[in-house]
$ cat structure_17.txt   # compact mmCIF, C-alpha atoms
# COMPACT_ATOMS: atom_id res chain seq x y z
CA MET A 123 0.00 0.00 0.00
CA SER A 124 1.39 3.40 -0.94
CA GLU A 125 2.37 5.95 1.66
CA PRO A 126 -0.14 8.83 2.18
CA LEU A 127 0.71 11.98 0.27
CA GLY A 128 0.79 14.06 3.43
CA ARG A 129 3.44 11.86 4.99
CA ARG A 130 5.68 11.99 1.91
CA THR A 131 5.33 15.74 1.73
CA PHE A 132 6.23 16.14 5.40
CA VAL A 133 9.31 13.94 5.14
CA ALA A 134 10.51 15.64 1.97
CA GLY A 135 10.00 19.04 3.51
CA ALA A 136 11.83 18.10 6.69
CA ALA A 137 14.72 16.66 4.73
CA ALA A 138 14.98 19.77 2.62
CA ALA A 139 14.97 21.97 5.69
CA ALA A 140 17.70 19.89 7.29
CA PHE A 141 19.77 20.07 4.13
CA LEU A 142 19.39 23.83 3.76
CA GLY A 143 20.25 24.43 7.38
CA ALA A 144 23.23 22.13 7.42
CA GLY A 145 25.64 24.58 5.84
CA SER A 146 25.25 27.28 8.48
CA GLY A 147 24.27 25.22 11.48
CA ASN A 148 20.76 26.66 11.72
CA ALA A 149 17.52 26.58 9.72
CA GLU A 150 17.57 30.36 9.23
CA ALA A 151 19.76 29.85 6.17
CA ALA A 152 16.60 28.96 4.27
CA ASP A 153 14.74 32.12 5.29
CA LEU A 154 14.22 35.21 3.18
CA VAL A 155 16.34 38.24 3.95
CA GLY A 156 14.27 41.40 3.92
CA GLY A 157 11.52 39.55 2.09
CA ASN A 158 13.31 39.56 -1.26
CA LEU A 159 16.65 37.74 -0.92
CA PRO A 160 17.09 34.03 -0.20
CA GLY A 161 19.04 33.34 2.96
CA PHE A 162 21.69 31.59 0.88
CA TYR A 163 22.24 34.60 -1.38
CA PRO A 164 25.91 34.98 -0.27
CA ALA A 165 26.59 31.53 -1.70
CA LEU A 166 24.97 32.52 -4.99
CA LYS A 167 27.06 35.69 -5.11
CA ASN A 168 30.22 33.69 -4.47
CA GLU A 169 29.44 31.61 -7.55
CA LEU A 170 29.50 34.71 -9.75
CA ASN A 171 33.06 34.86 -11.05
CA PHE A 172 32.31 36.41 -14.48
CA PRO A 173 34.44 33.93 -16.45
CA LEU A 174 34.14 35.80 -19.77
CA ALA A 175 35.49 39.11 -18.43
CA TRP A 176 38.57 40.46 -20.21
CA GLY A 177 41.63 39.18 -18.36
CA THR A 178 39.71 36.17 -17.04
CA SER A 179 38.44 34.84 -20.36
CA PRO A 180 40.70 32.32 -22.11
CA VAL A 181 40.40 34.50 -25.24
CA ARG A 182 43.57 36.64 -25.30
CA ASP A 183 43.11 38.54 -28.54
CA PHE A 184 41.15 41.65 -27.61
CA LYS A 185 39.23 42.01 -30.88
CA ALA A 186 38.24 38.37 -30.70
CA TRP A 187 37.21 38.84 -27.07
CA ARG A 188 35.04 41.84 -27.97
CA ARG A 189 33.24 39.82 -30.62
CA ALA A 190 32.72 36.89 -28.27
CA ALA A 191 31.56 39.04 -25.36
CA ARG A 192 29.17 41.04 -27.54
CA THR A 193 27.71 37.80 -28.87
CA VAL A 194 27.07 36.58 -25.33
CA VAL A 195 25.35 39.85 -24.42
CA GLU A 196 23.20 39.74 -27.53
CA GLU A 197 22.17 36.15 -26.85
CA HIS A 198 20.87 37.20 -23.43
CA LEU A 199 18.87 40.14 -24.77
CA ILE A 200 16.34 37.58 -26.10
CA VAL A 201 15.09 40.22 -28.55
CA PRO A 202 16.65 39.63 -32.00
CA ARG A 203 18.38 42.28 -34.07
CA GLN A 204 16.10 44.56 -36.06
CA ASN A 205 18.55 45.57 -38.78
CA SER A 206 16.24 44.64 -41.64
CA THR A 207 13.53 47.01 -40.40
CA ARG A 208 13.52 50.34 -42.22
CA TYR A 209 13.41 53.47 -40.09
CA THR A 210 11.03 55.27 -42.50
CA PRO A 211 11.27 58.56 -40.57
CA GLU A 212 8.64 61.29 -40.64
CA PHE A 213 9.73 64.79 -39.57
CA THR A 214 7.59 67.62 -38.18
CA SER A 215 9.23 71.03 -37.76
CA GLY A 216 8.84 73.03 -34.57
CA PRO A 217 9.72 76.59 -33.56
CA GLN A 218 13.34 77.68 -33.79
CA GLY A 219 15.51 77.43 -30.71
CA ASP A 220 18.44 79.61 -29.71
CA GLY A 221 20.85 78.74 -32.53
CA TYR A 222 19.24 75.43 -33.46
CA SER A 223 16.12 74.01 -35.10
CA ARG A 224 13.60 71.71 -33.48
CA GLU A 225 11.82 68.72 -35.00
CA LEU A 226 9.72 65.79 -33.91
CA VAL A 227 10.68 62.61 -35.71
CA THR A 228 8.67 59.39 -35.81
CA LEU A 229 10.48 56.22 -36.85
CA SER A 230 10.49 52.44 -36.61
CA LEU A 231 13.10 51.19 -34.16
CA THR A 232 11.63 47.70 -34.41
CA ARG A 233 9.11 46.08 -36.74
CA HIS A 234 6.42 46.30 -34.07
CA GLU A 235 6.01 49.98 -33.23
CA ARG A 236 6.61 53.56 -34.38
CA VAL A 237 8.34 55.79 -31.83
CA ARG A 238 8.33 59.59 -31.64
CA GLY A 239 11.44 61.48 -30.62
CA ALA A 240 12.79 65.02 -30.35
CA LEU A 241 15.55 66.05 -32.74
CA LEU A 242 17.61 69.25 -32.46
CA THR A 243 19.96 70.50 -35.17
CA PRO A 244 22.40 73.44 -34.89
CA HIS A 245 22.14 76.22 -37.43
CA GLY A 246 24.86 75.99 -40.06
CA PRO A 247 26.02 73.84 -42.93
CA GLY A 248 27.13 70.72 -41.04
CA PRO A 249 27.76 67.87 -40.91
CA PHE A 250 27.79 68.10 -37.13
CA PRO A 251 28.87 65.84 -34.29
CA ALA A 252 25.85 64.25 -32.62
CA VAL A 253 24.67 63.00 -29.23
CA LEU A 254 22.15 60.27 -28.58
CA LEU A 255 20.54 61.32 -25.31
CA LEU A 256 19.08 58.53 -23.17
CA HIS A 257 16.63 59.51 -20.46
CA ASP A 258 16.58 58.27 -16.88
CA HIS A 259 14.01 56.23 -14.98
CA GLY A 260 13.33 58.16 -11.79
CA ALA A 261 9.90 56.48 -11.33
CA ARG A 262 8.49 59.40 -13.32
CA PHE A 263 6.73 58.13 -16.42
CA ASP A 264 4.67 61.02 -17.78
CA ILE A 265 7.84 62.46 -19.30
CA GLY A 266 10.71 60.65 -21.02
CA LYS A 267 12.50 62.55 -23.76
CA GLU A 268 11.11 65.70 -22.14
CA LYS A 269 13.43 65.21 -19.19
CA LEU A 270 16.34 66.14 -21.45
CA ILE A 271 14.89 68.25 -24.27
CA ARG A 272 12.57 71.16 -23.56
CA PRO A 273 9.12 70.12 -24.88
CA TRP A 274 7.94 72.92 -27.15
CA TYR A 275 4.94 70.83 -28.22
CA ASP A 276 3.15 70.26 -24.89
CA ASP A 277 2.66 72.83 -22.11
CA THR A 278 1.57 70.21 -19.58
CA ARG A 279 4.71 68.19 -20.11
CA LEU A 280 6.76 71.38 -20.04
CA SER A 281 5.72 72.01 -16.45
CA SER A 282 6.69 68.47 -15.41
CA ALA A 283 9.90 68.62 -17.41
CA GLN A 284 11.01 71.90 -15.88
CA ALA A 285 10.42 70.51 -12.40
CA TRP A 286 12.55 67.49 -13.30
CA ALA A 287 15.31 69.67 -14.72
CA ASP A 288 15.24 71.80 -11.57
CA LYS A 289 15.58 68.71 -9.38
CA TYR A 290 18.39 66.93 -11.20
CA PHE A 291 19.95 69.19 -13.83
CA SER A 292 20.30 72.65 -12.23
CA GLY A 293 17.26 73.78 -14.21
CA ARG A 294 18.90 73.07 -17.56
CA PHE A 295 17.66 70.97 -20.47
CA VAL A 296 20.74 68.98 -21.39
CA GLY A 297 19.72 68.45 -25.01
CA ASP A 298 19.12 72.15 -25.66
CA GLU A 299 22.49 72.98 -24.10
CA LEU A 300 24.21 70.50 -26.42
CA ALA A 301 22.43 71.82 -29.51
CA ARG A 302 23.56 75.35 -28.65
CA ARG A 303 27.10 73.98 -28.49
CA GLY A 304 26.89 72.59 -32.03
CA TYR A 305 25.64 69.02 -31.60
CA VAL A 306 22.75 67.32 -33.33
CA VAL A 307 20.71 65.78 -30.50
CA LEU A 308 18.21 62.92 -30.58
CA CYS A 309 16.14 61.66 -27.65
CA LEU A 310 13.32 59.11 -27.77
CA ASP A 311 10.99 57.59 -25.19
CA ALA A 312 11.71 54.14 -23.83
CA LEU A 313 8.64 51.92 -23.54
CA GLY A 314 6.57 53.12 -20.58
CA TRP A 315 7.49 56.82 -20.69
CA GLY A 316 6.01 59.88 -22.35
CA ASP A 317 4.28 59.04 -25.62
CA ARG A 318 4.75 55.33 -24.86
CA GLY A 319 3.16 55.43 -21.42
CA PRO A 320 2.66 56.51 -18.82
CA LEU A 321 3.38 53.34 -16.91
CA THR A 322 2.98 53.24 -13.14
CA TYR A 323 5.73 52.08 -10.80
CA ASP A 324 3.82 48.98 -9.69
CA GLN A 325 3.12 47.86 -13.26
CA GLN A 326 6.74 47.40 -14.26
CA GLN A 327 7.23 43.90 -12.94
CA ALA A 328 4.04 42.61 -14.57
CA LEU A 329 5.02 44.25 -17.86
CA ALA A 330 8.42 42.58 -17.73
CA SER A 331 7.00 39.16 -16.87
CA ASN A 332 4.51 39.44 -19.72
CA PHE A 333 7.38 40.13 -22.10
CA TYR A 334 9.09 36.96 -20.87
CA ASN A 335 5.87 34.97 -21.33
CA LEU A 336 5.71 36.28 -24.88
CA GLY A 337 9.22 35.04 -25.57
CA SER A 338 10.68 38.53 -25.39
CA SER A 339 12.32 40.90 -22.90
CA LEU A 340 11.59 44.43 -21.72
CA ALA A 341 15.28 45.13 -21.05
CA GLY A 342 16.27 43.47 -24.30
CA LEU A 343 13.81 45.63 -26.24
CA MET A 344 15.24 48.81 -24.72
CA ALA A 345 18.77 47.69 -25.54
CA ARG A 346 17.91 46.91 -29.16
CA GLU A 347 15.98 50.16 -29.60
CA ASP A 348 18.83 52.25 -28.23
CA ALA A 349 21.33 50.63 -30.59
CA ARG A 350 18.96 51.22 -33.50
CA ALA A 351 18.50 54.86 -32.46
CA ALA A 352 22.27 55.33 -32.57
CA GLY A 353 22.32 53.93 -36.09
CA PHE A 354 19.52 56.23 -37.21
CA LEU A 355 21.27 59.29 -35.80
CA ALA A 356 24.58 58.38 -37.42
CA GLY A 357 22.84 57.91 -40.76
CA LEU A 358 21.38 61.42 -40.97
CA ASP A 359 22.96 63.58 -43.68
CA ARG A 360 23.40 66.41 -41.19
CA VAL A 361 25.53 64.19 -38.88
CA ASP A 362 29.21 63.28 -39.09
CA ALA A 363 28.84 59.53 -38.60
CA ARG A 364 32.36 59.28 -37.13
CA ARG A 365 31.46 61.65 -34.27
CA VAL A 366 28.38 60.21 -32.55
CA ALA A 367 28.27 59.99 -28.75
CA ALA A 368 25.85 58.45 -26.28
CA LEU A 369 25.06 60.34 -23.07
CA GLY A 370 22.77 59.53 -20.19
CA PHE A 371 22.06 60.05 -16.51
CA SER A 372 21.00 57.29 -14.10
CA MET A 373 19.21 54.58 -16.11
CA GLY A 374 20.16 56.66 -19.14
CA ALA A 375 23.81 56.16 -18.20
CA TYR A 376 23.28 52.40 -18.12
CA ARG A 377 21.63 52.69 -21.53
CA ALA A 378 24.55 54.75 -22.85
CA TRP A 379 27.35 52.33 -22.01
CA GLN A 380 25.17 49.37 -23.00
CA THR A 381 24.58 50.96 -26.41
CA ALA A 382 28.31 51.51 -26.85
CA ALA A 383 28.87 47.84 -26.06
CA LEU A 384 26.32 46.74 -28.66
CA THR A 385 27.31 48.96 -31.58
CA ASP A 386 30.49 50.53 -32.89
CA THR A 387 28.36 53.43 -34.17
CA VAL A 388 28.94 55.13 -30.80
CA ALA A 389 32.35 56.80 -30.89
CA ALA A 390 32.30 58.11 -27.29
CA THR A 391 30.15 57.57 -24.20
CA ALA A 392 29.38 59.66 -21.13
CA ALA A 393 27.61 57.84 -18.30
CA VAL A 394 26.58 59.79 -15.20
CA CYS A 395 25.50 57.94 -12.03
CA TRP A 396 25.18 54.34 -13.18
CA MET A 397 28.17 52.07 -12.84
CA THR A 398 28.88 49.49 -10.19
CA GLY A 399 29.88 45.91 -9.64
CA LEU A 400 26.83 43.67 -9.55
CA LYS A 401 27.84 41.71 -6.45
CA GLU A 402 28.38 44.91 -4.46
CA MET A 403 24.91 46.12 -5.44
CA MET A 404 23.18 42.90 -4.39
CA VAL A 405 23.05 43.69 -0.68
CA PRO A 406 20.08 44.08 1.68
CA GLY A 407 18.50 47.51 1.41
CA ASN A 408 19.73 48.33 -2.08
CA ASN A 409 17.13 49.81 -4.40
CA THR A 410 17.67 47.17 -7.08
CA LEU A 411 16.28 44.48 -4.76
CA ARG A 412 12.79 45.95 -5.06
CA GLY A 413 12.43 44.53 -8.57
CA GLN A 414 10.18 46.86 -10.58
CA SER A 415 12.61 49.34 -12.18
CA SER A 416 15.36 46.69 -12.18
CA TYR A 417 13.56 44.83 -14.95
CA TYR A 418 14.59 47.50 -17.45
CA MET A 419 18.20 46.51 -16.78
CA LEU A 420 17.82 42.77 -16.27
CA HIS A 421 19.09 40.28 -18.86
CA PRO A 422 18.46 36.84 -17.33
CA GLY A 423 21.56 34.69 -17.10
CA LEU A 424 24.05 37.30 -18.27
CA PRO A 425 25.70 37.67 -14.82
CA ARG A 426 26.85 34.06 -15.11
CA PHE A 427 29.30 35.38 -17.70
CA LEU A 428 29.88 39.15 -17.39
CA ASP A 429 29.64 41.90 -14.78
CA PHE A 430 28.36 45.40 -15.60
CA PRO A 431 31.84 46.91 -16.17
CA ASP A 432 32.73 43.87 -18.28
CA VAL A 433 29.86 44.68 -20.63
CA ALA A 434 30.86 48.35 -20.78
CA SER A 435 34.42 47.26 -21.58
CA ILE A 436 33.28 45.79 -24.89
CA ALA A 437 33.42 49.42 -26.09
CA ALA A 438 37.12 49.75 -25.25
CA PRO A 439 39.32 51.47 -26.25
CA ARG A 440 36.84 54.10 -27.43
CA PRO A 441 36.58 57.17 -25.16
CA MET A 442 34.29 56.68 -22.15
CA LEU A 443 33.48 58.88 -19.17
CA PHE A 444 31.93 57.68 -15.92
CA PHE A 445 30.84 60.12 -13.21
CA SER A 446 29.44 59.13 -9.84
CA GLY A 447 28.40 60.91 -6.68
CA ALA A 448 29.97 59.85 -3.40
CA LEU A 449 26.64 60.56 -1.67
CA ASP A 450 24.65 58.47 -4.17
CA THR A 451 22.84 55.86 -2.06
CA LEU A 452 21.86 53.79 -5.12
CA PHE A 453 25.42 52.71 -5.82
CA PRO A 454 27.60 51.75 -2.83
CA ALA A 455 31.11 53.17 -2.91
CA ASP A 456 32.70 49.71 -2.91
CA GLY A 457 30.72 48.78 -6.02
CA VAL A 458 31.82 51.92 -7.83
CA ARG A 459 35.46 51.22 -6.89
CA VAL A 460 35.26 47.64 -8.14
CA ALA A 461 33.77 48.80 -11.44
CA HIS A 462 36.29 51.60 -11.88
CA ASP A 463 39.18 49.21 -11.19
CA LYS A 464 37.90 46.77 -13.80
CA LEU A 465 37.42 49.50 -16.38
CA THR A 466 40.86 50.94 -15.72
CA ALA A 467 42.48 47.54 -16.16
CA VAL A 468 40.82 47.05 -19.55
CA TRP A 469 41.70 50.47 -20.98
CA ARG A 470 45.22 50.18 -19.57
CA SER A 471 45.62 46.83 -21.29
CA ARG A 472 44.80 48.62 -24.56
CA HIS A 473 47.36 51.37 -23.80
CA ALA A 474 44.42 53.79 -23.89
CA GLU A 475 43.99 54.81 -20.26
CA GLU A 476 43.88 58.46 -21.29
CA ARG A 477 40.61 57.72 -23.12
CA LEU A 478 38.91 56.65 -19.89
CA ARG A 479 37.65 59.39 -17.57
CA LEU A 480 36.55 58.28 -14.08
CA LYS A 481 35.46 60.72 -11.43
CA THR A 482 33.57 60.56 -8.15
CA TRP A 483 32.17 63.88 -6.94
CA PRO A 484 32.64 63.89 -3.15
CA ASP A 485 29.83 66.34 -2.32
CA LEU A 486 27.16 65.12 -4.76
CA GLY A 487 24.55 62.40 -4.82
CA HIS A 488 22.37 61.10 -7.63
CA VAL A 489 22.32 64.21 -9.82
CA PHE A 490 23.71 65.66 -13.04
CA VAL A 491 24.12 69.29 -12.05
CA ASP A 492 25.56 72.17 -14.06
CA ARG A 493 29.22 71.75 -13.07
CA MET A 494 29.08 68.06 -13.96
CA GLN A 495 27.43 68.93 -17.26
CA ASP A 496 30.06 71.51 -18.10
CA GLU A 497 32.83 68.94 -17.64
CA VAL A 498 30.97 66.44 -19.80
CA TYR A 499 30.47 69.00 -22.57
CA ALA A 500 34.15 69.95 -22.52
CA TRP A 501 35.11 66.29 -22.58
CA LEU A 502 32.84 65.60 -25.55
CA ASP A 503 34.39 68.55 -27.38
CA SER A 504 37.83 67.05 -26.79
CA VAL A 505 37.10 63.48 -27.93
CA LEU A 506 34.73 63.94 -30.87
$ encode --input "structure_17.txt" --output "structure tokens"
Amino acid sequence: MSEPLGRRTFVAGAAAAAFLGAGSGNAEAADLVGGNLPGFYPALKNELNFPLAWGTSPVRDFKAWRRAARTVVEEHLIVPRQNSTRYTPEFTSGPQGDGYSRELVTLSLTRHERVRGALLTPHGPGPFPAVLLLHDHGARFDIGKEKLIRPWYDDTRLSSAQAWADKYFSGRFVGDELARRGYVVLCLDALGWGDRGPLTYDQQQALASNFYNLGSSLAGLMAREDARAAGFLAGLDRVDARRVAALGFSMGAYRAWQTAALTDTVAATAAVCWMTGLKEMMVPGNNTLRGQSSYYMLHPGLPRFLDFPDVASIAAPRPMLFFSGALDTLFPADGVRVAHDKLTAVWRSRHAEERLRLKTWPDLGHVFVDRMQDEVYAWLDSVL
């Protein structure tokens, strides 16, 4: 006669509990830490040794390593390349700015959806250097591209955008500043923001899981779209295709160095307030443990091969700038140090350390204020 189901379940459960508790001497090892980390998370972190990182990978030829590492990243995006999709842009002129023209442009970044962006072009003959601007997250979804380019087309969004600029950017619109300095500027909404939203904070995780159930990825879509946007910008007649940069703050910084890793179209990258070692970020209390916004930067399985700075290093030895704030609670100082050390080692190995700019601002937190902007603009002028 077979054993009752309840008995088997009890025995199996007891055995599992004994096994999980054996390593630490108490059953608490199987508990959740803070409600969102397994008690054995330190063991999982210890297993992350990023075997495909440059210097650890058995591939010793750097160009071959870049190809191999990029392939691994692309495999984990889940979303396939969209290179066969035509952009088919439509342009709508806006009022003139101070030394530059304004346009709205609608284009196909993927075969599934048309996306509207803001495009600024300096007055003059060109071709000009260009900047792909990538907006932040900030749990503020009614505005996306408007966080960085003054929205001449919507007074309601202008009010929200100005408040955002006042909070993080010393009241400036970064895109307008760049256009006045002679750069063509493009900024588009990521899915969930502005014209493609607004999402709510609590909907992010469900949106991401639905992408996975549909055989796709929210983070992978954003990565592919950003790389496609860089290609569109570089292909404009008004742009010098050899002088295209990616620039972003917060999640936009993540998007900037990720785009540089995925496409050689980006000649230089400036990333403000998003670089860390993954293991140093995975600690109780860190914002990323909440889920939600993390899904825009989550490629399942990729950490088994590469850390964040390892992915950014695929862009080496092209010029890259990373700024952080010492008072930024989102990125622990030890994580920033680990990332900066890894980046330095890669650029140094390419005899190109002068092309890597790393700076931590001791008195600043999670912001991109005017003095930081001014240094970024001067740096862009020097490398493009």
$ closest_residue --input "structure_17.txt" --among "A:Arg365, A:Arg189, A:Arg279, A:His245" --to "A:Val433" --atoms "all atoms listed in the file"
A:Arg189
$ atom_distance --input "structure_17.txt" --atom1 "atom CA of A:Thr210" --atom2 "atom CA of A:Leu329"
27.7 Å
$ residues_around --input "structure_17.txt" --residues "stretch 473-475 of chain A" --least-positions-apart "4" --cutoff "8 Å" --atoms "only C-alpha atoms" --output "PyMOL selection string"
chain A and resi 439+466+469
$ atom_distance --input "structure_17.txt" --atom1 "atom CA of A:Thr278" --atom2 "atom CA of A:Arg262"
14.3 Å
$ closest_residue --input "structure_17.txt" --among "A:Met397, A:Tyr275, A:Leu411, A:Met373" --to "A:Pro160" --atoms "all atoms listed in the file"
A:Leu411
$ atom_distance --input "structure_17.txt" --atom1 "atom CA of A:Ala261" --atom2 "atom CA of A:Lys481"
25.9 Å
$ residues_around --input "structure_17.txt" --residues "stretch 300-305 of chain A" --least-positions-apart "3" --cutoff "9 Å" --atoms "all atoms listed in the file" --output "number ranges by chain"
A: 219-223, 242-246, 250-253, 295-297, 361, 499
$ residues_around --input "structure_17.txt" --residues "A:Trp187" --least-positions-apart "5" --cutoff "9 Å" --atoms "all atoms listed in the file" --output "list in words"
Leu174, Ala175, Trp176, Ser179, Pro180, Val181, Arg182, Arg192 and Ile436 of chain A
